[in-house]
file work.json (JSON, N, CA and C atoms)
[["chain", "number", "residue", "atom", "x", "y", "z"],
["A", 1, "MET", "N", -45.68, -21.18, 22.90],
["A", 1, "MET", "CA", -44.62, -20.79, 23.78],
["A", 1, "MET", "C", -45.00, -21.12, 25.22],
["A", 2, "GLY", "N", -44.04, -21.57, 25.98],
["A", 2, "GLY", "CA", -44.34, -21.95, 27.35],
["A", 2, "GLY", "C", -43.86, -20.92, 28.35],
["A", 3, "THR", "N", -44.14, -21.21, 29.60],
["A", 3, "THR", "CA", -43.65, -20.35, 30.68],
["A", 3, "THR", "C", -42.82, -21.18, 31.66],
["A", 4, "ALA", "N", -42.20, -22.23, 31.17],
["A", 4, "ALA", "CA", -41.32, -23.04, 32.01],
["A", 4, "ALA", "C", -40.10, -22.22, 32.38],
["A", 5, "ALA", "N", -39.27, -22.76, 33.25],
["A", 5, "ALA", "CA", -38.04, -22.07, 33.62],
["A", 5, "ALA", "C", -37.17, -21.90, 32.37],
["A", 6, "PRO", "N", -36.47, -20.77, 32.28],
["A", 6, "PRO", "CA", -35.61, -20.56, 31.12],
["A", 6, "PRO", "C", -34.48, -21.58, 31.06],
["A", 7, "ALA", "N", -34.10, -21.95, 29.85],
["A", 7, "ALA", "CA", -33.02, -22.91, 29.64],
["A", 7, "ALA", "C", -31.68, -22.30, 30.04],
["A", 8, "PRO", "N", -30.80, -23.08, 30.67],
["A", 8, "PRO", "CA", -29.47, -22.56, 31.02],
["A", 8, "PRO", "C", -28.72, -22.10, 29.78],
["A", 9, "GLY", "N", -27.92, -21.08, 29.96],
["A", 9, "GLY", "CA", -27.13, -20.54, 28.87],
["A", 9, "GLY", "C", -27.16, -19.02, 28.87],
["A", 10, "LEU", "N", -26.56, -18.44, 27.85],
["A", 10, "LEU", "CA", -26.48, -16.99, 27.72],
["A", 10, "LEU", "C", -27.58, -16.51, 26.78],
["A", 11, "TRP", "N", -28.37, -15.55, 27.27],
["A", 11, "TRP", "CA", -29.47, -14.96, 26.52],
["A", 11, "TRP", "C", -29.15, -13.50, 26.24],
["A", 12, "VAL", "N", -29.28, -13.08, 24.98],
["A", 12, "VAL", "CA", -28.91, -11.74, 24.55],
["A", 12, "VAL", "C", -30.16, -10.89, 24.37],
["A", 13, "HIS", "N", -30.12, -9.65, 24.89],
["A", 13, "HIS", "CA", -31.25, -8.74, 24.80],
["A", 13, "HIS", "C", -31.50, -8.36, 23.34],
["A", 14, "SER", "N", -32.68, -8.65, 22.85],
["A", 14, "SER", "CA", -33.11, -8.29, 21.49],
["A", 14, "SER", "C", -34.04, -7.09, 21.62],
["A", 15, "PHE", "N", -33.47, -5.91, 21.89],
["A", 15, "PHE", "CA", -34.28, -4.73, 22.21],
["A", 15, "PHE", "C", -35.22, -4.33, 21.08],
["A", 16, "GLU", "N", -34.92, -4.77, 19.87],
["A", 16, "GLU", "CA", -35.81, -4.46, 18.74],
["A", 16, "GLU", "C", -37.18, -5.11, 18.91],
["A", 17, "GLU", "N", -37.24, -6.19, 19.69],
["A", 17, "GLU", "CA", -38.49, -6.92, 19.89],
["A", 17, "GLU", "C", -39.22, -6.53, 21.18],
["A", 18, "ASP", "N", -38.62, -5.65, 21.99],
["A", 18, "ASP", "CA", -39.26, -5.22, 23.23],
["A", 18, "ASP", "C", -40.62, -4.59, 22.93],
["A", 19, "ARG", "N", -41.56, -4.79, 23.84],
["A", 19, "ARG", "CA", -42.90, -4.20, 23.73],
["A", 19, "ARG", "C", -43.28, -3.63, 25.09],
["A", 20, "GLY", "N", -43.40, -2.31, 25.18],
["A", 20, "GLY", "CA", -43.77, -1.70, 26.45],
["A", 20, "GLY", "C", -42.74, -2.02, 27.52],
["A", 21, "ASP", "N", -43.20, -2.60, 28.62],
["A", 21, "ASP", "CA", -42.29, -2.93, 29.72],
["A", 21, "ASP", "C", -41.75, -4.36, 29.63],
["A", 22, "GLN", "N", -41.98, -5.02, 28.50],
["A", 22, "GLN", "CA", -41.50, -6.38, 28.31],
["A", 22, "GLN", "C", -40.19, -6.37, 27.52],
["A", 23, "GLU", "N", -39.19, -7.10, 28.05],
["A", 23, "GLU", "CA", -37.91, -7.24, 27.37],
["A", 23, "GLU", "C", -37.82, -8.62, 26.74],
["A", 24, "VAL", "N", -37.22, -8.70, 25.57],
["A", 24, "VAL", "CA", -37.07, -9.97, 24.87],
["A", 24, "VAL", "C", -35.59, -10.33, 24.79],
["A", 25, "TYR", "N", -35.30, -11.58, 25.13],
["A", 25, "TYR", "CA", -33.95, -12.11, 25.05],
["A", 25, "TYR", "C", -33.97, -13.33, 24.14],
["A", 26, "ARG", "N", -32.89, -13.50, 23.39],
["A", 26, "ARG", "CA", -32.73, -14.64, 22.48],
["A", 26, "ARG", "C", -31.47, -15.41, 22.86],
["A", 27, "PRO", "N", -31.43, -16.72, 22.54],
["A", 27, "PRO", "CA", -30.21, -17.49, 22.84],
["A", 27, "PRO", "C", -29.00, -16.87, 22.15],
["A", 28, "GLU", "N", -27.85, -17.07, 22.74],
["A", 28, "GLU", "CA", -26.60, -16.52, 22.19],
["A", 28, "GLU", "C", -26.39, -16.92, 20.72],
["A", 29, "SER", "N", -26.89, -18.08, 20.33],
["A", 29, "SER", "CA", -26.71, -18.57, 18.96],
["A", 29, "SER", "C", -27.63, -17.90, 17.95],
["A", 30, "HIS", "N", -28.64, -17.18, 18.42],
["A", 30, "HIS", "CA", -29.61, -16.51, 17.55],
["A", 30, "HIS", "C", -28.93, -15.33, 16.83],
["A", 31, "VAL", "N", -29.18, -15.20, 15.53],
["A", 31, "VAL", "CA", -28.59, -14.10, 14.77],
["A", 31, "VAL", "C", -29.45, -12.85, 14.99],
["A", 32, "LEU", "N", -28.82, -11.82, 15.54],
["A", 32, "LEU", "CA", -29.50, -10.56, 15.79],
["A", 32, "LEU", "C", -28.97, -9.52, 14.81],
["A", 33, "PRO", "N", -29.78, -8.51, 14.50],
["A", 33, "PRO", "CA", -29.29, -7.48, 13.58],
["A", 33, "PRO", "C", -28.13, -6.70, 14.21],
["A", 34, "PRO", "N", -27.25, -6.17, 13.37],
["A", 34, "PRO", "CA", -26.14, -5.37, 13.90],
["A", 34, "PRO", "C", -26.69, -4.16, 14.67],
["A", 35, "THR", "N", -25.95, -3.74, 15.67],
["A", 35, "THR", "CA", -26.37, -2.58, 16.46],
["A", 35, "THR", "C", -25.16, -1.77, 16.87],
["A", 36, "ARG", "N", -25.36, -0.48, 17.00],
["A", 36, "ARG", "CA", -24.29, 0.39, 17.48],
["A", 36, "ARG", "C", -24.20, 0.33, 19.00],
["A", 37, "GLY", "N", -25.33, 0.06, 19.64],
["A", 37, "GLY", "CA", -25.35, 0.00, 21.10],
["A", 37, "GLY", "C", -24.85, -1.34, 21.60],
["A", 38, "ARG", "N", -24.51, -1.37, 22.85],
["A", 38, "ARG", "CA", -24.08, -2.62, 23.47],
["A", 38, "ARG", "C", -25.31, -3.35, 23.99],
["A", 39, "ARG", "N", -25.29, -4.64, 23.91],
["A", 39, "ARG", "CA", -26.42, -5.45, 24.34],
["A", 39, "ARG", "C", -26.22, -6.00, 25.75],
["A", 40, "ARG", "N", -27.30, -5.96, 26.53],
["A", 40, "ARG", "CA", -27.29, -6.61, 27.84],
["A", 40, "ARG", "C", -27.55, -8.10, 27.64],
["A", 41, "MET", "N", -27.19, -8.90, 28.64],
["A", 41, "MET", "CA", -27.39, -10.33, 28.57],
["A", 41, "MET", "C", -27.85, -10.87, 29.91],
["A", 42, "LEU", "N", -28.50, -12.01, 29.86],
["A", 42, "LEU", "CA", -28.86, -12.76, 31.05],
["A", 42, "LEU", "C", -28.21, -14.13, 30.92],
["A", 43, "GLN", "N", -27.52, -14.56, 31.95],
["A", 43, "GLN", "CA", -26.93, -15.91, 31.96],
["A", 43, "GLN", "C", -27.75, -16.74, 32.94],
["A", 44, "VAL", "N", -28.46, -17.73, 32.39],
["A", 44, "VAL", "CA", -29.24, -18.63, 33.24],
["A", 44, "VAL", "C", -28.30, -19.75, 33.67],
["A", 45, "LEU", "N", -28.14, -19.86, 34.99],
["A", 45, "LEU", "CA", -27.22, -20.85, 35.55],
["A", 45, "LEU", "C", -27.92, -22.19, 35.77],
["A", 46, "ASP", "N", -27.14, -23.24, 35.93],
["A", 46, "ASP", "CA", -27.70, -24.58, 36.10],
["A", 46, "ASP", "C", -28.60, -24.70, 37.33],
["A", 47, "ASP", "N", -28.36, -23.88, 38.36],
["A", 47, "ASP", "CA", -29.20, -23.94, 39.57],
["A", 47, "ASP", "C", -30.50, -23.15, 39.43],
["A", 48, "GLY", "N", -30.73, -22.56, 38.25],
["A", 48, "GLY", "CA", -31.96, -21.80, 38.01],
["A", 48, "GLY", "C", -31.83, -20.32, 38.28],
["A", 49, "SER", "N", -30.71, -19.88, 38.86],
["A", 49, "SER", "CA", -30.47, -18.46, 39.08],
["A", 49, "SER", "C", -30.17, -17.78, 37.76],
["A", 50, "ILE", "N", -30.35, -16.47, 37.74],
["A", 50, "ILE", "CA", -30.06, -15.68, 36.54],
["A", 50, "ILE", "C", -29.05, -14.61, 36.92],
["A", 51, "ARG", "N", -27.94, -14.57, 36.20],
["A", 51, "ARG", "CA", -26.90, -13.57, 36.42],
["A", 51, "ARG", "C", -27.02, -12.51, 35.31],
["A", 52, "GLU", "N", -27.08, -11.25, 35.72],
["A", 52, "GLU", "CA", -27.13, -10.17, 34.73],
["A", 52, "GLU", "C", -25.72, -9.94, 34.21],
["A", 53, "MET", "N", -25.61, -9.78, 32.91],
["A", 53, "MET", "CA", -24.33, -9.59, 32.25],
["A", 53, "MET", "C", -24.40, -8.31, 31.41],
["A", 54, "GLY", "N", -23.27, -7.66, 31.28],
["A", 54, "GLY", "CA", -23.17, -6.49, 30.42],
["A", 54, "GLY", "C", -21.85, -6.51, 29.70],
["A", 55, "PRO", "N", -21.72, -5.69, 28.69],
["A", 55, "PRO", "CA", -20.46, -5.67, 27.96],
["A", 55, "PRO", "C", -19.36, -5.06, 28.81],
["A", 56, "GLY", "N", -18.22, -5.70, 28.82],
["A", 56, "GLY", "CA", -17.07, -5.19, 29.55],
["A", 56, "GLY", "C", -16.28, -4.23, 28.68],
["A", 57, "PRO", "N", -15.12, -3.81, 29.15],
["A", 57, "PRO", "CA", -14.32, -2.85, 28.40],
["A", 57, "PRO", "C", -13.87, -3.38, 27.03],
["A", 58, "ASP", "N", -13.81, -4.71, 26.90],
["A", 58, "ASP", "CA", -13.42, -5.30, 25.62],
["A", 58, "ASP", "C", -14.63, -5.83, 24.86],
["A", 59, "ASP", "N", -15.84, -5.42, 25.27],
["A", 59, "ASP", "CA", -17.13, -5.79, 24.66],
["A", 59, "ASP", "C", -17.54, -7.24, 24.88],
["A", 60, "ARG", "N", -16.72, -8.03, 25.58],
["A", 60, "ARG", "CA", -17.14, -9.38, 25.92],
["A", 60, "ARG", "C", -18.04, -9.31, 27.15],
["A", 61, "PRO", "N", -18.97, -10.28, 27.31],
["A", 61, "PRO", "CA", -19.88, -10.25, 28.46],
["A", 61, "PRO", "C", -19.15, -10.40, 29.79],
["A", 62, "HIS", "N", -19.53, -9.56, 30.74],
["A", 62, "HIS", "CA", -19.00, -9.61, 32.09],
["A", 62, "HIS", "C", -20.16, -9.51, 33.08],
["A", 63, "PRO", "N", -20.07, -10.22, 34.22],
["A", 63, "PRO", "CA", -21.14, -10.13, 35.22],
["A", 63, "PRO", "C", -21.26, -8.70, 35.77],
["A", 64, "THR", "N", -22.49, -8.25, 35.98],
["A", 64, "THR", "CA", -22.71, -6.92, 36.57],
["A", 64, "THR", "C", -22.67, -6.98, 38.09],
["A", 65, "GLY", "N", -22.76, -8.16, 38.66],
["A", 65, "GLY", "CA", -22.78, -8.32, 40.11],
["A", 65, "GLY", "C", -24.16, -8.67, 40.62],
["A", 66, "THR", "N", -25.18, -8.51, 39.80],
["A", 66, "THR", "CA", -26.55, -8.83, 40.22],
["A", 66, "THR", "C", -26.89, -10.26, 39.84],
["A", 67, "VAL", "N", -27.38, -11.01, 40.83],
["A", 67, "VAL", "CA", -27.85, -12.37, 40.60],
["A", 67, "VAL", "C", -29.32, -12.41, 41.00],
["A", 68, "LEU", "N", -30.16, -12.94, 40.13],
["A", 68, "LEU", "CA", -31.59, -13.06, 40.38],
["A", 68, "LEU", "C", -31.89, -14.49, 40.80],
["A", 69, "LYS", "N", -32.47, -14.64, 41.97],
["A", 69, "LYS", "CA", -32.77, -15.96, 42.53],
["A", 69, "LYS", "C", -34.25, -16.28, 42.34],
["A", 70, "PRO", "N", -34.58, -17.55, 42.02],
["A", 70, "PRO", "CA", -35.98, -17.93, 41.88],
["A", 70, "PRO", "C", -36.75, -17.66, 43.17],
["A", 71, "ALA", "N", -37.94, -17.06, 43.02],
["A", 71, "ALA", "CA", -38.78, -16.75, 44.18],
["A", 71, "ALA", "C", -40.16, -17.38, 44.04],
["A", 72, "GLY", "N", -40.34, -18.27, 43.04],
["A", 72, "GLY", "CA", -41.62, -18.94, 42.82],
["A", 72, "GLY", "C", -42.51, -18.16, 41.87],
["A", 73, "MET", "N", -43.46, -18.86, 41.26],
["A", 73, "MET", "CA", -44.44, -18.25, 40.36],
["A", 73, "MET", "C", -43.78, -17.45, 39.22],
["A", 74, "ASN", "N", -42.69, -17.97, 38.64],
["A", 74, "ASN", "CA", -41.96, -17.33, 37.54],
["A", 74, "ASN", "C", -41.33, -16.00, 37.92],
["A", 75, "ARG", "N", -41.16, -15.74, 39.22],
["A", 75, "ARG", "CA", -40.56, -14.49, 39.70],
["A", 75, "ARG", "C", -39.13, -14.74, 40.19],
["A", 76, "TYR", "N", -38.30, -13.73, 39.99],
["A", 76, "TYR", "CA", -36.91, -13.77, 40.42],
["A", 76, "TYR", "C", -36.60, -12.48, 41.16],
["A", 77, "THR", "N", -35.94, -12.57, 42.29],
["A", 77, "THR", "CA", -35.58, -11.38, 43.05],
["A", 77, "THR", "C", -34.08, -11.15, 42.95],
["A", 78, "ALA", "N", -33.71, -9.88, 42.91],
["A", 78, "ALA", "CA", -32.30, -9.51, 42.74],
["A", 78, "ALA", "C", -31.56, -9.58, 44.05],
["A", 79, "GLN", "N", -30.35, -10.12, 43.98],
["A", 79, "GLN", "CA", -29.44, -10.12, 45.11],
["A", 79, "GLN", "C", -28.07, -9.68, 44.61],
["A", 80, "VAL", "N", -27.50, -8.73, 45.33],
["A", 80, "VAL", "CA", -26.17, -8.26, 44.98],
["A", 80, "VAL", "C", -25.20, -8.89, 45.97],
["A", 81, "PRO", "N", -24.15, -9.57, 45.48],
["A", 81, "PRO", "CA", -23.20, -10.20, 46.40],
["A", 81, "PRO", "C", -22.68, -9.21, 47.43],
["A", 82, "GLY", "N", -22.65, -9.65, 48.69],
["A", 82, "GLY", "CA", -22.18, -8.80, 49.77],
["A", 82, "GLY", "C", -23.28, -8.00, 50.44],
["A", 83, "GLU", "N", -24.47, -7.94, 49.84],
["A", 83, "GLU", "CA", -25.60, -7.22, 50.43],
["A", 83, "GLU", "C", -26.35, -8.19, 51.34],
["A", 84, "PRO", "N", -27.04, -7.70, 52.38],
["A", 84, "PRO", "CA", -27.67, -8.58, 53.36],
["A", 84, "PRO", "C", -28.83, -9.43, 52.86],
["A", 85, "GLY", "N", -29.58, -9.00, 51.90],
["A", 85, "GLY", "CA", -30.74, -9.78, 51.48],
["A", 85, "GLY", "C", -31.24, -9.34, 50.13],
["A", 86, "PRO", "N", -32.38, -9.90, 49.71],
["A", 86, "PRO", "CA", -32.91, -9.55, 48.40],
["A", 86, "PRO", "C", -33.34, -8.09, 48.33],
["A", 87, "GLU", "N", -33.16, -7.51, 47.19],
["A", 87, "GLU", "CA", -33.63, -6.16, 46.94],
["A", 87, "GLU", "C", -35.08, -6.23, 46.51],
["A", 88, "SER", "N", -35.68, -5.07, 46.35],
["A", 88, "SER", "CA", -37.08, -5.06, 45.93],
["A", 88, "SER", "C", -37.22, -5.27, 44.42],
["A", 89, "SER", "N", -36.13, -5.13, 43.69],
["A", 89, "SER", "CA", -36.22, -5.29, 42.24],
["A", 89, "SER", "C", -36.07, -6.75, 41.84],
["A", 90, "GLY", "N", -36.46, -7.05, 40.64],
["A", 90, "GLY", "CA", -36.35, -8.39, 40.12],
["A", 90, "GLY", "C", -36.97, -8.46, 38.75],
["A", 91, "LEU", "N", -37.38, -9.66, 38.37],
["A", 91, "LEU", "CA", -38.07, -9.81, 37.09],
["A", 91, "LEU", "C", -39.05, -10.95, 37.16],
["A", 92, "VAL", "N", -39.97, -10.92, 36.20],
["A", 92, "VAL", "CA", -40.97, -11.98, 36.05],
["A", 92, "VAL", "C", -40.78, -12.57, 34.66],
["A", 93, "VAL", "N", -40.67, -13.89, 34.58],
["A", 93, "VAL", "CA", -40.56, -14.56, 33.29],
["A", 93, "VAL", "C", -41.98, -14.73, 32.75],
["A", 94, "LEU", "N", -42.25, -14.09, 31.62],
["A", 94, "LEU", "CA", -43.56, -14.16, 30.98],
["A", 94, "LEU", "C", -43.65, -15.31, 29.99],
["A", 95, "THR", "N", -42.56, -15.53, 29.26],
["A", 95, "THR", "CA", -42.48, -16.60, 28.27],
["A", 95, "THR", "C", -41.07, -17.15, 28.25],
["A", 96, "ALA", "N", -40.97, -18.47, 28.25],
["A", 96, "ALA", "CA", -39.65, -19.11, 28.15],
["A", 96, "ALA", "C", -39.77, -20.34, 27.27],
["A", 97, "SER", "N", -38.97, -20.37, 26.22],
["A", 97, "SER", "CA", -38.89, -21.54, 25.35],
["A", 97, "SER", "C", -37.44, -21.68, 24.91],
["A", 98, "ASP", "N", -37.16, -22.56, 23.99],
["A", 98, "ASP", "CA", -35.79, -22.73, 23.51],
["A", 98, "ASP", "C", -35.32, -21.55, 22.67],
["A", 99, "THR", "N", -36.27, -20.73, 22.16],
["A", 99, "THR", "CA", -35.90, -19.66, 21.23],
["A", 99, "THR", "C", -36.18, -18.25, 21.74],
["A", 100, "ILE", "N", -36.93, -18.12, 22.82],
["A", 100, "ILE", "CA", -37.27, -16.77, 23.30],
["A", 100, "ILE", "C", -37.43, -16.77, 24.83],
["A", 101, "LEU", "N", -37.00, -15.67, 25.41],
["A", 101, "LEU", "CA", -37.19, -15.43, 26.83],
["A", 101, "LEU", "C", -37.75, -14.02, 26.95],
["A", 102, "ARG", "N", -39.01, -13.91, 27.38],
["A", 102, "ARG", "CA", -39.67, -12.62, 27.52],
["A", 102, "ARG", "C", -39.87, -12.35, 29.00],
["A", 103, "VAL", "N", -39.39, -11.20, 29.48],
["A", 103, "VAL", "CA", -39.45, -10.87, 30.90],
["A", 103, "VAL", "C", -39.99, -9.46, 31.10],
["A", 104, "ALA", "N", -40.48, -9.22, 32.31],
["A", 104, "ALA", "CA", -40.87, -7.87, 32.73],
["A", 104, "ALA", "C", -40.10, -7.58, 34.01],
["A", 105, "ARG", "N", -39.55, -6.40, 34.11],
["A", 105, "ARG", "CA", -38.83, -5.99, 35.32],
["A", 105, "ARG", "C", -39.82, -5.57, 36.37],
["A", 106, "SER", "N", -39.50, -5.85, 37.64],
["A", 106, "SER", "CA", -40.39, -5.44, 38.72],
["A", 106, "SER", "C", -39.64, -4.58, 39.72]]

call {"tool": "encode", "arguments": {"input": "work.json", "output": "structure tokens"}}
result
Amino acid sequence: MGTAAPAPGLWVHSFEEDRGDQEVYRPESHVLPPTRGRRRMLQVLDDGSIREMGPGPDDRPHPTGTVLKPAGMNRYTAQVPGEPGPESSGLVVLTASDTILRVARS
């Protein structure tokens, strides 16, 4: 598994695979077990930014308003549209391949 930039597309939170403070995301095409809870998603955009997505009122993915911008060294900082600058929160990409995206929140 590599630590290259995540591939563009929609990544679905596979909370069953989380370990400690690490979250695991799988490509939208990956078959995940059924769940009663709603799943969070990350949308990796063509410019390398990551948009946080959550289920909307109709359970389809909707943007939460948070966009994570690349900050170097596999780190992304959160920016909320309309806010003056980056927040202190973000994430670190630990593993990125065609089949898995493992991140830690900071």

call {"tool": "residues_near_point", "arguments": {"input": "work.json", "point": "(-29.4, -13.5, 36.6)", "cutoff": "9 Å", "atoms": "only C-alpha atoms", "output": "PyMOL selection string"}}
result
chain A and resi 41-45+48-53+66-69+76+78

call {"tool": "closest_residue", "arguments": {"input": "work.json", "among": "A:Asp47, A:Glu23, A:Asp18, A:Glu28", "to": "A:Ala104", "atoms": "only N, CA and C atoms"}}
result
A:Glu23

call {"tool": "select_by_dssp", "arguments": {"input": "work.json", "residues": "chain A", "states": "strand (DSSP E)", "output": "MDAnalysis selection string"}}
result
chainID A and resid 9:13 22:27 41:44 50:55 61:72 75:79 90:96 101:105

call {"tool": "write_last_selection", "arguments": {"input": "work.json", "atoms": "N, CA and C atoms", "output": "short mmCIF file (atom, residue, chain, number, x, y, z; two decimals), in the frame of the given file"}}
result
data_model
loop_
_atom_site.label_atom_id
_atom_site.label_comp_id
_atom_site.auth_asym_id
_atom_site.auth_seq_id
_atom_site.Cartn_x
_atom_site.Cartn_y
_atom_site.Cartn_z
N GLY A 9 -27.92 -21.08 29.96
CA GLY A 9 -27.13 -20.54 28.87
C GLY A 9 -27.16 -19.02 28.87
N LEU A 10 -26.56 -18.44 27.85
CA LEU A 10 -26.48 -16.99 27.72
C LEU A 10 -27.58 -16.51 26.78
N TRP A 11 -28.37 -15.55 27.27
CA TRP A 11 -29.47 -14.96 26.52
C TRP A 11 -29.15 -13.50 26.24
N VAL A 12 -29.28 -13.08 24.98
CA VAL A 12 -28.91 -11.74 24.55
C VAL A 12 -30.16 -10.89 24.37
N HIS A 13 -30.12 -9.65 24.89
CA HIS A 13 -31.25 -8.74 24.80
C HIS A 13 -31.50 -8.36 23.34
N GLN A 22 -41.98 -5.02 28.50
CA GLN A 22 -41.50 -6.38 28.31
C GLN A 22 -40.19 -6.37 27.52
N GLU A 23 -39.19 -7.10 28.05
CA GLU A 23 -37.91 -7.24 27.37
C GLU A 23 -37.82 -8.62 26.74
N VAL A 24 -37.22 -8.70 25.57
CA VAL A 24 -37.07 -9.97 24.87
C VAL A 24 -35.59 -10.33 24.79
N TYR A 25 -35.30 -11.58 25.13
CA TYR A 25 -33.95 -12.11 25.05
C TYR A 25 -33.97 -13.33 24.14
N ARG A 26 -32.89 -13.50 23.39
CA ARG A 26 -32.73 -14.64 22.48
C ARG A 26 -31.47 -15.41 22.86
N PRO A 27 -31.43 -16.72 22.54
CA PRO A 27 -30.21 -17.49 22.84
C PRO A 27 -29.00 -16.87 22.15
N MET A 41 -27.19 -8.90 28.64
CA MET A 41 -27.39 -10.33 28.57
C MET A 41 -27.85 -10.87 29.91
N LEU A 42 -28.50 -12.01 29.86
CA LEU A 42 -28.86 -12.76 31.05
C LEU A 42 -28.21 -14.13 30.92
N GLN A 43 -27.52 -14.56 31.95
CA GLN A 43 -26.93 -15.91 31.96
C GLN A 43 -27.75 -16.74 32.94
N VAL A 44 -28.46 -17.73 32.39
CA VAL A 44 -29.24 -18.63 33.24
C VAL A 44 -28.30 -19.75 33.67
N ILE A 50 -30.35 -16.47 37.74
CA ILE A 50 -30.06 -15.68 36.54
C ILE A 50 -29.05 -14.61 36.92
N ARG A 51 -27.94 -14.57 36.20
CA ARG A 51 -26.90 -13.57 36.42
C ARG A 51 -27.02 -12.51 35.31
N GLU A 52 -27.08 -11.25 35.72
CA GLU A 52 -27.13 -10.17 34.73
C GLU A 52 -25.72 -9.94 34.21
N MET A 53 -25.61 -9.78 32.91
CA MET A 53 -24.33 -9.59 32.25
C MET A 53 -24.40 -8.31 31.41
N GLY A 54 -23.27 -7.66 31.28
CA GLY A 54 -23.17 -6.49 30.42
C GLY A 54 -21.85 -6.51 29.70
N PRO A 55 -21.72 -5.69 28.69
CA PRO A 55 -20.46 -5.67 27.96
C PRO A 55 -19.36 -5.06 28.81
N PRO A 61 -18.97 -10.28 27.31
CA PRO A 61 -19.88 -10.25 28.46
C PRO A 61 -19.15 -10.40 29.79
N HIS A 62 -19.53 -9.56 30.74
CA HIS A 62 -19.00 -9.61 32.09
C HIS A 62 -20.16 -9.51 33.08
N PRO A 63 -20.07 -10.22 34.22
CA PRO A 63 -21.14 -10.13 35.22
C PRO A 63 -21.26 -8.70 35.77
N THR A 64 -22.49 -8.25 35.98
CA THR A 64 -22.71 -6.92 36.57
C THR A 64 -22.67 -6.98 38.09
N GLY A 65 -22.76 -8.16 38.66
CA GLY A 65 -22.78 -8.32 40.11
C GLY A 65 -24.16 -8.67 40.62
N THR A 66 -25.18 -8.51 39.80
CA THR A 66 -26.55 -8.83 40.22
C THR A 66 -26.89 -10.26 39.84
N VAL A 67 -27.38 -11.01 40.83
CA VAL A 67 -27.85 -12.37 40.60
C VAL A 67 -29.32 -12.41 41.00
N LEU A 68 -30.16 -12.94 40.13
CA LEU A 68 -31.59 -13.06 40.38
C LEU A 68 -31.89 -14.49 40.80
N LYS A 69 -32.47 -14.64 41.97
CA LYS A 69 -32.77 -15.96 42.53
C LYS A 69 -34.25 -16.28 42.34
N PRO A 70 -34.58 -17.55 42.02
CA PRO A 70 -35.98 -17.93 41.88
C PRO A 70 -36.75 -17.66 43.17
N ALA A 71 -37.94 -17.06 43.02
CA ALA A 71 -38.78 -16.75 44.18
C ALA A 71 -40.16 -17.38 44.04
N GLY A 72 -40.34 -18.27 43.04
CA GLY A 72 -41.62 -18.94 42.82
C GLY A 72 -42.51 -18.16 41.87
N ARG A 75 -41.16 -15.74 39.22
CA ARG A 75 -40.56 -14.49 39.70
C ARG A 75 -39.13 -14.74 40.19
N TYR A 76 -38.30 -13.73 39.99
CA TYR A 76 -36.91 -13.77 40.42
C TYR A 76 -36.60 -12.48 41.16
N THR A 77 -35.94 -12.57 42.29
CA THR A 77 -35.58 -11.38 43.05
C THR A 77 -34.08 -11.15 42.95
N ALA A 78 -33.71 -9.88 42.91
CA ALA A 78 -32.30 -9.51 42.74
C ALA A 78 -31.56 -9.58 44.05
N GLN A 79 -30.35 -10.12 43.98
CA GLN A 79 -29.44 -10.12 45.11
C GLN A 79 -28.07 -9.68 44.61
N GLY A 90 -36.46 -7.05 40.64
CA GLY A 90 -36.35 -8.39 40.12
C GLY A 90 -36.97 -8.46 38.75
N LEU A 91 -37.38 -9.66 38.37
CA LEU A 91 -38.07 -9.81 37.09
C LEU A 91 -39.05 -10.95 37.16
N VAL A 92 -39.97 -10.92 36.20
CA VAL A 92 -40.97 -11.98 36.05
C VAL A 92 -40.78 -12.57 34.66
N VAL A 93 -40.67 -13.89 34.58
CA VAL A 93 -40.56 -14.56 33.29
C VAL A 93 -41.98 -14.73 32.75
N LEU A 94 -42.25 -14.09 31.62
CA LEU A 94 -43.56 -14.16 30.98
C LEU A 94 -43.65 -15.31 29.99
N THR A 95 -42.56 -15.53 29.26
CA THR A 95 -42.48 -16.60 28.27
C THR A 95 -41.07 -17.15 28.25
N ALA A 96 -40.97 -18.47 28.25
CA ALA A 96 -39.65 -19.11 28.15
C ALA A 96 -39.77 -20.34 27.27
N LEU A 101 -37.00 -15.67 25.41
CA LEU A 101 -37.19 -15.43 26.83
C LEU A 101 -37.75 -14.02 26.95
N ARG A 102 -39.01 -13.91 27.38
CA ARG A 102 -39.67 -12.62 27.52
C ARG A 102 -39.87 -12.35 29.00
N VAL A 103 -39.39 -11.20 29.48
CA VAL A 103 -39.45 -10.87 30.90
C VAL A 103 -39.99 -9.46 31.10
N ALA A 104 -40.48 -9.22 32.31
CA ALA A 104 -40.87 -7.87 32.73
C ALA A 104 -40.10 -7.58 34.01
N ARG A 105 -39.55 -6.40 34.11
CA ARG A 105 -38.83 -5.99 35.32
C ARG A 105 -39.82 -5.57 36.37
#

call {"tool": "atom_distance", "arguments": {"input": "work.json", "atom1": "atom C of A:Met73", "atom2": "atom N of A:Gly9"}}
result
18.7 Å

call {"tool": "atom_distance", "arguments": {"input": "work.json", "atom1": "atom C of A:Val103", "atom2": "atom C of A:Ala7"}}
result
15.3 Å

call {"tool": "residues_around", "arguments": {"input": "work.json", "residues": "A:Tyr25", "least_positions_apart": "6", "cutoff": "10 Å", "atoms": "only C-alpha atoms", "output": "ChimeraX atom specification"}}
result
/A:10-15,17-18,40-42,96,99-103

call {"tool": "closest_residue", "arguments": {"input": "work.json", "among": "A:Gln79, A:Gly72, A:Ser106, A:Thr64", "to": "A:Val92", "atoms": "all atoms listed in the file"}}
result
A:Ser106

call {"tool": "atom_distance", "arguments": {"input": "work.json", "atom1": "atom C of A:Val93", "atom2": "atom CA of A:Asp21"}}
result
12.2 Å

call {"tool": "closest_residue", "arguments": {"input": "work.json", "among": "A:Pro33, A:Val24, A:Pro6, A:Arg39", "to": "A:Ser97", "atoms": "all atoms listed in the file"}}
result
A:Pro6

call {"tool": "closest_residue", "arguments": {"input": "work.json", "among": "A:Gly20, A:Leu91, A:Arg105, A:Arg26", "to": "A:Arg75", "atoms": "only C-alpha atoms"}}
result
A:Leu91
